[in-house]
Amino acid sequence: MVNIVILTGAGISAESGLKTFRAEDGLWENHPVEQVATPEGFARDPDLVQRFYDERRAQIRAAAPNAAHKALGRLEREFDGNLLLVTQNIDDLHERGGATQTLHMHGEALSAWCLSCDTRHSWSTTLRDSPQCPSCGDAALRPDIVWFGEMPYQMDRIFDALSRADLFVSIGTSGAVYPAAGFVQQASANGARTLELNLERSAGSHLFDETRLGPASELVPTWVD
Ligand code: BV8
Ligand code: ZN
């Protein structure tokens with residue numbers, strides 16, 4: 001049984017019209033994203049952070065999955081080995097492209113987390129207008145997103161899959177953010193072959209057995225087929 005782990009980043013959704021982190025000036029209303037996407041930023045100015053994610057959600061809803069998302073959805077359906085699709089992205093384009101088991105290690109823009117009763121709720125509109133938790137009624141909802149300085153989700157499951165991987169494929173990520181940027185080394189250390197599909201060389205390109213450069217909407221379907 002062949003084991004594959006795939007990691008995707010903002011680059012796989014770029015051709016769907018969603019901004020990446022590094023391409024733009026990385027600012028939100030003149031605040032560095034690293035300041036907005038943090039628990040301190042949320043404590044300091046929750047309304048600014050909610051506006052940031054309202055905007056991201058609106059862009060996600062207006063976006064459509066591209067050929068790369070659809071190719072990975074096809075791979076999940078047709079591949080007869082073990083496939084783990086891990087994404088750093090908070091959009092739902094993998095799901096709308098047909099993938100059903102996507103692991104969102106940095107959370108999801110369309111999910112809200114209640115800090116009072118620790119429940120999660122799908123969140124299609126702004127919580128600024130209705131911050132009450134549907135379960136407990138407290139106004140304790142925050143974006144269900146892993147901010148800088150917070151522990152990404154399901155790391156044990158990811159590390160376990162990397163320890164057994166025969167192939168690790170990284171798609172559309174700059175290799176700037178940890179722990180995701182370290183996955184290629186873990187996979188290599190466990191004997192996996194490593195492949196990078198990216199528009200340009202990334203901070204981690206030298207760590208891969210093979211790097212193919214180009215848009216994900218071309219590279220991913222070609223690789224899947
Ligand atoms: C943690 C959700 C510890 C939010 C995100 C100093 C050194 C090393 C590490 C650190 C350090 N200081 C701090 C850290 C840790 C920090 C970190 O790595 N910081 C970086 C900036 C140095 N990491 C963390 O804080 C993580 N947590 O470490 O916890 C801990 C331990 C114990 C207990 C508690 C805590 C949490 C990080 C998660 C932050 N949240 N996202 C949101 O989305 O709003 S990160 C966010 O940025 C994304 O999710 C993503 O992960 C990252 C952006 O990376 P990419 O996805 O790669 O996007 P990017 O724009 O960078 O690159 C796009 C690529 O696509 C480019 O290469 C481009 O060429 C390519 N591309 C473009 N178009 C296309 C394309 N490719 C193909 N086709 C195209 N068309
Ligand atoms: Zn609650």
# chains A, B, ... in the order shown; residues from 1 in each chain; ligands from 1

call {"tool": "residues_near_ligand", "arguments": {"ligand": "ligand 2", "cutoff": "10 Å", "atoms": "only C-alpha atoms and all ligand atoms", "output": "mmCIF file with C-alpha atoms, in the first residue's frame"}}
result
data_model
loop_
_atom_site.group_PDB
_atom_site.id
_atom_site.type_symbol
_atom_site.label_atom_id
_atom_site.label_comp_id
_atom_site.auth_asym_id
_atom_site.auth_seq_id
_atom_site.Cartn_x
_atom_site.Cartn_y
_atom_site.Cartn_z
ATOM 1 C CA TRP A 113 -15.070 28.402 17.786
ATOM 2 C CA CYS A 114 -16.870 29.147 21.054
ATOM 3 C CA LEU A 115 -14.412 29.822 23.856
ATOM 4 C CA SER A 116 -17.146 29.323 26.463
ATOM 5 C CA CYS A 117 -18.386 25.852 25.568
ATOM 6 C CA ASP A 118 -15.583 24.767 23.189
ATOM 7 C CA THR A 119 -17.970 23.964 20.329
ATOM 8 C CA ARG A 120 -17.496 24.745 16.644
ATOM 9 C CA HIS A 121 -20.122 26.136 14.270
ATOM 10 C CA GLN A 132 -23.818 34.663 20.278
ATOM 11 C CA CYS A 133 -22.815 31.000 20.315
ATOM 12 C CA PRO A 134 -25.665 28.804 18.954
ATOM 13 C CA SER A 135 -24.958 26.223 21.694
ATOM 14 C CA CYS A 136 -24.483 28.228 24.889
ATOM 15 C CA GLY A 137 -25.644 31.718 23.908
ATOM 16 C CA ASP A 138 -22.457 33.404 25.161
ATOM 17 C CA ALA A 139 -20.873 36.083 22.976
ATOM 18 C CA ALA A 140 -17.627 34.060 23.001
ATOM 19 C CA LEU A 141 -17.131 33.118 19.340
#

call {"tool": "select_by_dssp", "arguments": {"residues": "stretch 18-185 of chain A", "states": "strand (DSSP E)", "output": "PyMOL selection string"}}
result
chain A and resi 27-28+31-32+82-87+103-104+107-114+120-122+141-145+167-171

call {"tool": "residues_around", "arguments": {"residues": "stretch 152-166 of chain A", "least_positions_apart": "3", "cutoff": "12 Å", "atoms": "only C-alpha atoms", "output": "VMD selection string"}}
result
chain A and resid 1 to 7 81 to 89 102 to 108 144 to 149 169 177 to 180 182 to 195

call {"tool": "write_last_selection", "arguments": {"atoms": "C-alpha atoms", "output": "compact mmCIF listing (two decimals), in the first residue's frame"}}
result
# COMPACT_ATOMS: atom_id res chain seq x y z
CA MET A 1 0.00 0.00 0.00
CA VAL A 2 1.53 3.35 -1.07
CA ASN A 3 1.32 6.23 1.42
CA ILE A 4 1.18 9.80 0.07
CA VAL A 5 1.08 13.03 2.07
CA ILE A 6 0.22 16.25 0.23
CA LEU A 7 0.67 19.72 1.74
CA GLY A 81 -3.31 3.76 -1.38
CA ASN A 82 -3.33 5.96 1.74
CA LEU A 83 -3.64 9.67 0.94
CA LEU A 84 -3.51 12.48 3.51
CA LEU A 85 -4.28 15.94 2.11
CA VAL A 86 -3.09 18.62 4.57
CA THR A 87 -3.78 22.25 3.77
CA GLN A 88 -2.50 25.42 5.39
CA ASN A 89 -5.38 27.24 3.70
CA THR A 102 -8.98 17.57 3.87
CA LEU A 103 -7.03 18.29 7.07
CA HIS A 104 -7.06 22.05 7.73
CA MET A 105 -4.01 22.40 9.98
CA HIS A 106 -4.55 26.17 10.26
CA GLY A 107 -8.31 25.99 10.72
CA GLU A 108 -11.12 27.17 8.48
CA ASP A 144 -11.69 28.85 14.21
CA ILE A 145 -8.31 29.71 12.76
CA VAL A 146 -4.79 28.89 14.00
CA TRP A 147 -3.04 32.23 14.47
CA PHE A 148 0.71 32.86 14.72
CA GLY A 149 1.90 31.52 18.06
CA VAL A 169 4.18 16.50 -2.32
CA VAL A 177 5.77 29.21 8.08
CA TYR A 178 6.51 26.46 10.58
CA PRO A 179 5.79 23.70 11.45
CA ALA A 180 4.43 23.13 7.90
CA GLY A 182 9.52 21.46 8.22
CA PHE A 183 7.38 18.60 6.87
CA VAL A 184 9.66 17.98 3.88
CA GLN A 185 12.62 17.26 6.17
CA GLN A 186 10.57 14.87 8.28
CA ALA A 187 9.33 13.04 5.20
CA SER A 188 12.85 12.83 3.75
CA ALA A 189 14.30 11.61 7.03
CA ASN A 190 11.79 8.76 6.94
CA GLY A 191 12.79 7.76 3.44
CA ALA A 192 10.00 9.40 1.45
CA ARG A 193 10.53 10.80 -2.01
CA THR A 194 9.75 14.54 -2.00
CA LEU A 195 8.27 16.62 -4.83

call {"tool": "residues_around", "arguments": {"residues": "A:His69", "least_positions_apart": "3", "cutoff": "7 Å", "atoms": "only C-alpha atoms", "output": "ChimeraX atom specification"}}
result
/A:65-66,72-73,93-94,97

call {"tool": "write_last_selection", "arguments": {"atoms": "N, CA and C atoms", "output": "compact mmCIF listing (two decimals), in the first residue's frame"}}
result
# COMPACT_ATOMS: atom_id res chain seq x y z
N PRO A 65 -13.25 26.62 -7.10
CA PRO A 65 -12.09 25.73 -7.14
C PRO A 65 -11.49 25.69 -8.54
N ASN A 66 -10.17 25.57 -8.63
CA ASN A 66 -9.55 25.52 -9.97
C ASN A 66 -9.13 24.09 -10.30
N LEU A 72 -6.93 17.09 -7.27
CA LEU A 72 -6.70 16.43 -5.97
C LEU A 72 -7.97 15.73 -5.48
N GLY A 73 -9.12 16.32 -5.82
CA GLY A 73 -10.38 15.63 -5.48
C GLY A 73 -10.49 14.31 -6.22
N LEU A 93 -11.93 25.48 -0.80
CA LEU A 93 -11.84 25.14 -2.23
C LEU A 93 -11.45 23.68 -2.46
N HIS A 94 -10.70 23.08 -1.55
CA HIS A 94 -10.43 21.63 -1.70
C HIS A 94 -11.75 20.86 -1.63
N GLY A 97 -13.74 21.32 -4.56
CA GLY A 97 -13.10 20.67 -5.71
C GLY A 97 -13.23 19.16 -5.63

call {"tool": "closest_residue", "arguments": {"among": "A:Ser122, A:Ser111, A:Thr100, A:Thr20", "to": "ligand 1", "atoms": "only C-alpha atoms and all ligand atoms"}}
result
A:Thr20

call {"tool": "residues_around", "arguments": {"residues": "A:Phe208", "least_positions_apart": "2", "cutoff": "7 Å", "atoms": "only C-alpha atoms", "output": "short mmCIF file (atom, residue, chain, number, x, y, z; two decimals) with all heavy atoms, in the first residue's frame"}}
result
data_model
loop_
_atom_site.label_atom_id
_atom_site.label_comp_id
_atom_site.auth_asym_id
_atom_site.auth_seq_id
_atom_site.Cartn_x
_atom_site.Cartn_y
_atom_site.Cartn_z
N THR A 194 10.41 13.24 -2.22
CA THR A 194 9.75 14.54 -2.00
C THR A 194 9.70 15.32 -3.31
O THR A 194 10.69 15.40 -4.04
CB THR A 194 10.52 15.36 -0.95
OG1 THR A 194 11.89 15.48 -1.37
CG2 THR A 194 10.45 14.68 0.42
N LEU A 195 8.52 15.89 -3.58
CA LEU A 195 8.27 16.62 -4.83
C LEU A 195 7.62 17.96 -4.48
O LEU A 195 6.69 18.01 -3.67
CB LEU A 195 7.32 15.80 -5.72
CG LEU A 195 6.70 16.52 -6.94
CD1 LEU A 195 7.79 16.90 -7.95
CD2 LEU A 195 5.64 15.63 -7.60
N GLU A 196 8.12 19.03 -5.09
CA GLU A 196 7.53 20.36 -4.88
C GLU A 196 6.95 20.86 -6.19
O GLU A 196 7.63 20.80 -7.23
CB GLU A 196 8.61 21.34 -4.40
CG GLU A 196 8.11 22.75 -4.19
CD GLU A 196 9.22 23.74 -3.81
OE1 GLU A 196 10.31 23.67 -4.40
OE2 GLU A 196 9.00 24.54 -2.88
N SER A 205 12.98 24.83 -1.43
CA SER A 205 13.19 24.06 -2.68
C SER A 205 14.42 23.16 -2.62
O SER A 205 14.40 22.03 -3.11
CB SER A 205 13.33 25.02 -3.87
OG SER A 205 12.07 25.60 -4.15
N HIS A 206 15.47 23.65 -1.94
CA HIS A 206 16.72 22.85 -1.92
C HIS A 206 16.55 21.55 -1.14
O HIS A 206 17.40 20.67 -1.19
CB HIS A 206 17.84 23.70 -1.29
CG HIS A 206 17.58 24.09 0.12
ND1 HIS A 206 16.62 25.03 0.48
CD2 HIS A 206 18.14 23.66 1.29
CE1 HIS A 206 16.60 25.17 1.79
NE2 HIS A 206 17.49 24.35 2.31
N GLU A 210 12.78 16.75 -6.02
CA GLU A 210 12.43 17.32 -7.33
C GLU A 210 11.53 18.55 -7.14
O GLU A 210 10.64 18.53 -6.29
CB GLU A 210 11.69 16.27 -8.18
CG GLU A 210 11.35 16.77 -9.59
CD GLU A 210 10.43 15.80 -10.35
OE1 GLU A 210 10.13 14.71 -9.82
OE2 GLU A 210 10.02 16.16 -11.47
N THR A 211 11.77 19.60 -7.90
CA THR A 211 10.92 20.79 -7.90
C THR A 211 10.48 21.05 -9.33
O THR A 211 11.30 21.06 -10.25
CB THR A 211 11.69 22.03 -7.39
OG1 THR A 211 11.93 21.86 -5.98
CG2 THR A 211 10.88 23.32 -7.58
#

call {"tool": "select_by_dssp", "arguments": {"residues": "chain A", "states": "alpha helix (DSSP H)", "output": "CSV table (one decimal) with N, CA and C atoms, in the first residue's frame"}}
result
chain,number,residue,atom,x,y,z
A,11,GLY,N,-0.8,29.2,-2.6
A,11,GLY,CA,-0.5,29.2,-4.0
A,11,GLY,C,-1.5,28.3,-4.8
A,12,ILE,N,-2.1,27.3,-4.2
A,12,ILE,CA,-3.0,26.4,-4.9
A,12,ILE,C,-4.3,27.2,-5.1
A,13,SER,N,-4.6,28.2,-4.3
A,13,SER,CA,-5.9,28.9,-4.5
A,13,SER,C,-5.7,30.2,-5.2
A,14,ALA,N,-4.4,30.5,-5.5
A,14,ALA,CA,-4.1,31.9,-6.2
A,14,ALA,C,-4.9,32.0,-7.5
A,33,VAL,N,-0.1,41.3,8.4
A,33,VAL,CA,-0.9,40.2,8.6
A,33,VAL,C,-0.5,39.4,9.9
A,34,GLU,N,0.8,39.4,10.1
A,34,GLU,CA,1.3,38.7,11.3
A,34,GLU,C,0.8,39.3,12.6
A,35,GLN,N,0.4,40.6,12.5
A,35,GLN,CA,-0.1,41.3,13.7
A,35,GLN,C,-1.6,41.0,13.8
A,36,VAL,N,-2.3,40.9,12.7
A,36,VAL,CA,-3.8,40.7,12.7
A,36,VAL,C,-4.1,39.3,13.0
A,39,PRO,N,-3.5,35.9,18.4
A,39,PRO,CA,-4.4,36.1,19.6
A,39,PRO,C,-4.3,37.5,20.2
A,40,GLU,N,-3.0,38.0,20.2
A,40,GLU,CA,-2.9,39.4,20.8
A,40,GLU,C,-3.6,40.4,19.9
A,41,GLY,N,-3.6,40.2,18.6
A,41,GLY,CA,-4.3,41.1,17.7
A,41,GLY,C,-5.8,41.1,17.9
A,42,PHE,N,-6.3,39.8,18.2
A,42,PHE,CA,-7.7,39.7,18.4
A,42,PHE,C,-8.1,40.3,19.7
A,43,ALA,N,-7.2,40.1,20.8
A,43,ALA,CA,-7.5,40.7,22.1
A,43,ALA,C,-7.5,42.2,22.0
A,44,ARG,N,-6.5,42.7,21.2
A,44,ARG,CA,-6.3,44.2,21.1
A,44,ARG,C,-7.5,44.8,20.4
A,46,PRO,N,-10.7,43.1,18.5
A,46,PRO,CA,-11.4,42.0,17.9
A,46,PRO,C,-12.2,42.5,16.6
A,47,ASP,N,-12.7,43.7,16.6
A,47,ASP,CA,-13.5,44.1,15.4
A,47,ASP,C,-12.6,44.2,14.2
A,48,LEU,N,-11.4,44.7,14.3
A,48,LEU,CA,-10.5,44.7,13.2
A,48,LEU,C,-10.2,43.3,12.6
A,49,VAL,N,-10.0,42.4,13.6
A,49,VAL,CA,-9.7,41.0,13.2
A,49,VAL,C,-10.9,40.4,12.5
A,50,GLN,N,-12.1,40.6,13.1
A,50,GLN,CA,-13.3,40.1,12.5
A,50,GLN,C,-13.5,40.7,11.1
A,51,ARG,N,-13.2,41.9,10.9
A,51,ARG,CA,-13.4,42.6,9.6
A,51,ARG,C,-12.4,41.9,8.6
A,52,PHE,N,-11.2,41.6,9.1
A,52,PHE,CA,-10.2,40.9,8.2
A,52,PHE,C,-10.8,39.6,7.7
A,53,TYR,N,-11.4,38.8,8.7
A,53,TYR,CA,-11.8,37.5,8.3
A,53,TYR,C,-13.2,37.6,7.5
A,54,ASP,N,-14.0,38.6,7.8
A,54,ASP,CA,-15.2,38.8,7.0
A,54,ASP,C,-14.8,39.0,5.5
A,55,GLU,N,-13.8,39.8,5.3
A,55,GLU,CA,-13.3,40.1,4.0
A,55,GLU,C,-12.8,38.8,3.3
A,56,ARG,N,-12.0,38.0,4.1
A,56,ARG,CA,-11.5,36.8,3.5
A,56,ARG,C,-12.6,35.8,3.2
A,57,ARG,N,-13.7,35.8,4.1
A,57,ARG,CA,-14.8,34.9,3.8
A,57,ARG,C,-15.5,35.3,2.5
A,58,ALA,N,-15.7,36.6,2.4
A,58,ALA,CA,-16.4,37.1,1.2
A,58,ALA,C,-15.7,36.7,-0.1
A,59,GLN,N,-14.3,36.9,0.0
A,59,GLN,CA,-13.5,36.5,-1.2
A,59,GLN,C,-13.6,35.0,-1.4
A,60,ILE,N,-13.6,34.2,-0.4
A,60,ILE,CA,-13.7,32.7,-0.5
A,60,ILE,C,-15.0,32.3,-1.2
A,61,ARG,N,-16.1,33.0,-0.7
A,61,ARG,CA,-17.4,32.6,-1.2
A,61,ARG,C,-17.5,33.0,-2.7
A,62,ALA,N,-16.8,34.1,-3.1
A,62,ALA,CA,-16.8,34.5,-4.5
A,62,ALA,C,-15.9,33.7,-5.4
A,67,ALA,N,-8.5,23.9,-11.4
A,67,ALA,CA,-8.2,22.6,-11.9
A,67,ALA,C,-7.3,21.8,-10.9
A,68,ALA,N,-6.5,22.5,-10.2
A,68,ALA,CA,-5.6,21.9,-9.2
A,68,ALA,C,-6.4,21.2,-8.1
A,69,HIS,N,-7.4,22.0,-7.5
A,69,HIS,CA,-8.3,21.5,-6.5
A,69,HIS,C,-9.0,20.3,-7.0
A,70,LYS,N,-9.5,20.4,-8.2
A,70,LYS,CA,-10.3,19.3,-8.8
A,70,LYS,C,-9.5,18.0,-9.0
A,71,ALA,N,-8.2,18.2,-9.4
A,71,ALA,CA,-7.4,17.1,-9.7
A,71,ALA,C,-7.1,16.4,-8.4
A,72,LEU,N,-6.9,17.1,-7.3
A,72,LEU,CA,-6.7,16.4,-6.0
A,72,LEU,C,-8.0,15.7,-5.5
A,73,GLY,N,-9.1,16.3,-5.8
A,73,GLY,CA,-10.4,15.6,-5.5
A,73,GLY,C,-10.5,14.3,-6.2
A,74,ARG,N,-10.1,14.3,-7.5
A,74,ARG,CA,-10.1,13.1,-8.3
A,74,ARG,C,-9.1,12.1,-7.7
A,75,LEU,N,-7.9,12.6,-7.4
A,75,LEU,CA,-6.9,11.7,-6.8
A,75,LEU,C,-7.4,11.0,-5.6
A,76,GLU,N,-8.1,11.7,-4.7
A,76,GLU,CA,-8.6,11.1,-3.5
A,76,GLU,C,-9.6,10.0,-3.8
A,77,ARG,N,-10.4,10.3,-4.8
A,77,ARG,CA,-11.5,9.3,-5.2
A,77,ARG,C,-10.8,8.0,-5.8
A,78,GLU,N,-9.8,8.2,-6.6
A,78,GLU,CA,-9.3,7.1,-7.5
A,78,GLU,C,-8.1,6.4,-6.9
A,93,LEU,N,-11.9,25.5,-0.8
A,93,LEU,CA,-11.8,25.1,-2.2
A,93,LEU,C,-11.4,23.7,-2.5
A,94,HIS,N,-10.7,23.1,-1.5
A,94,HIS,CA,-10.4,21.6,-1.7
A,94,HIS,C,-11.8,20.9,-1.6
A,95,GLU,N,-12.6,21.2,-0.7
A,95,GLU,CA,-13.9,20.5,-0.5
A,95,GLU,C,-14.7,20.8,-1.7
A,96,ARG,N,-14.8,22.0,-2.2
A,96,ARG,CA,-15.6,22.3,-3.4
A,96,ARG,C,-15.0,21.7,-4.6
A,155,MET,N,-1.5,17.9,14.7
A,155,MET,CA,-0.1,17.7,14.4
A,155,MET,C,0.3,16.2,14.6
A,156,ASP,N,-0.2,15.5,15.6
A,156,ASP,CA,0.2,14.1,15.8
A,156,ASP,C,-0.2,13.3,14.6
A,157,ARG,N,-1.4,13.5,14.1
A,157,ARG,CA,-1.8,12.7,12.9
A,157,ARG,C,-0.9,13.0,11.7
A,158,ILE,N,-0.5,14.3,11.6
A,158,ILE,CA,0.3,14.7,10.4
A,158,ILE,C,1.7,14.0,10.6
A,159,PHE,N,2.3,14.2,11.8
A,159,PHE,CA,3.6,13.6,12.0
A,159,PHE,C,3.6,12.1,11.8
A,160,ASP,N,2.5,11.4,12.2
A,160,ASP,CA,2.4,10.0,12.0
A,160,ASP,C,2.4,9.6,10.5
A,161,ALA,N,1.6,10.4,9.8
A,161,ALA,CA,1.5,10.2,8.3
A,161,ALA,C,2.9,10.4,7.6
A,162,LEU,N,3.6,11.4,8.1
A,162,LEU,CA,4.9,11.8,7.5
A,162,LEU,C,5.9,10.6,7.8
A,163,SER,N,5.7,10.0,9.0
A,163,SER,CA,6.7,8.9,9.3
A,163,SER,C,6.5,7.7,8.5
A,164,ARG,N,5.3,7.6,7.8
A,164,ARG,CA,5.0,6.4,7.0
A,164,ARG,C,5.0,6.7,5.5
A,183,PHE,N,7.9,19.9,7.2
A,183,PHE,CA,7.4,18.6,6.9
A,183,PHE,C,8.3,17.9,5.9
A,184,VAL,N,8.8,18.6,4.9
A,184,VAL,CA,9.7,18.0,3.9
A,184,VAL,C,10.9,17.3,4.5
A,185,GLN,N,11.5,17.9,5.5
A,185,GLN,CA,12.6,17.3,6.2
A,185,GLN,C,12.2,16.0,6.9
A,186,GLN,N,11.0,16.1,7.6
A,186,GLN,CA,10.6,14.9,8.3
A,186,GLN,C,10.3,13.7,7.3
A,187,ALA,N,9.7,14.1,6.2
A,187,ALA,CA,9.3,13.0,5.2
A,187,ALA,C,10.6,12.4,4.6
A,188,SER,N,11.6,13.3,4.3
A,188,SER,CA,12.8,12.8,3.8
A,188,SER,C,13.6,11.9,4.7
A,189,ALA,N,13.6,12.4,6.0
A,189,ALA,CA,14.3,11.6,7.0
A,189,ALA,C,13.7,10.2,7.2
A,216,ALA,N,-0.1,25.9,-10.5
A,216,ALA,CA,-0.7,24.7,-9.9
A,216,ALA,C,-1.8,24.1,-10.8
A,217,SER,N,-2.5,25.0,-11.5
A,217,SER,CA,-3.6,24.5,-12.3
A,217,SER,C,-3.1,23.7,-13.5
A,218,GLU,N,-1.8,23.8,-13.8
A,218,GLU,CA,-1.2,23.0,-14.9
A,218,GLU,C,-0.4,21.8,-14.3
A,219,LEU,N,0.4,22.1,-13.3
A,219,LEU,CA,1.3,21.1,-12.7
A,219,LEU,C,0.5,20.0,-12.0
A,220,VAL,N,-0.5,20.3,-11.3
A,220,VAL,CA,-1.2,19.3,-10.4
A,220,VAL,C,-2.0,18.3,-11.2
A,221,PRO,N,-2.8,18.8,-12.2
A,221,PRO,CA,-3.5,17.7,-13.0
A,221,PRO,C,-2.5,16.9,-13.8
A,222,THR,N,-1.4,17.5,-14.3
A,222,THR,CA,-0.4,16.6,-15.0
A,222,THR,C,0.2,15.6,-14.0
A,223,TRP,N,0.5,16.0,-12.8
A,223,TRP,CA,1.1,15.1,-11.9
A,223,TRP,C,0.1,14.0,-11.5
A,224,VAL,N,-1.1,14.4,-11.2
A,224,VAL,CA,-2.2,13.4,-10.8
A,224,VAL,C,-2.4,12.4,-11.9

call {"tool": "closest_residue", "arguments": {"among": "A:Asn30, A:Arg22, A:Met151, A:Glu15", "to": "A:Ala203", "atoms": "only C-alpha atoms"}}
result
A:Arg22
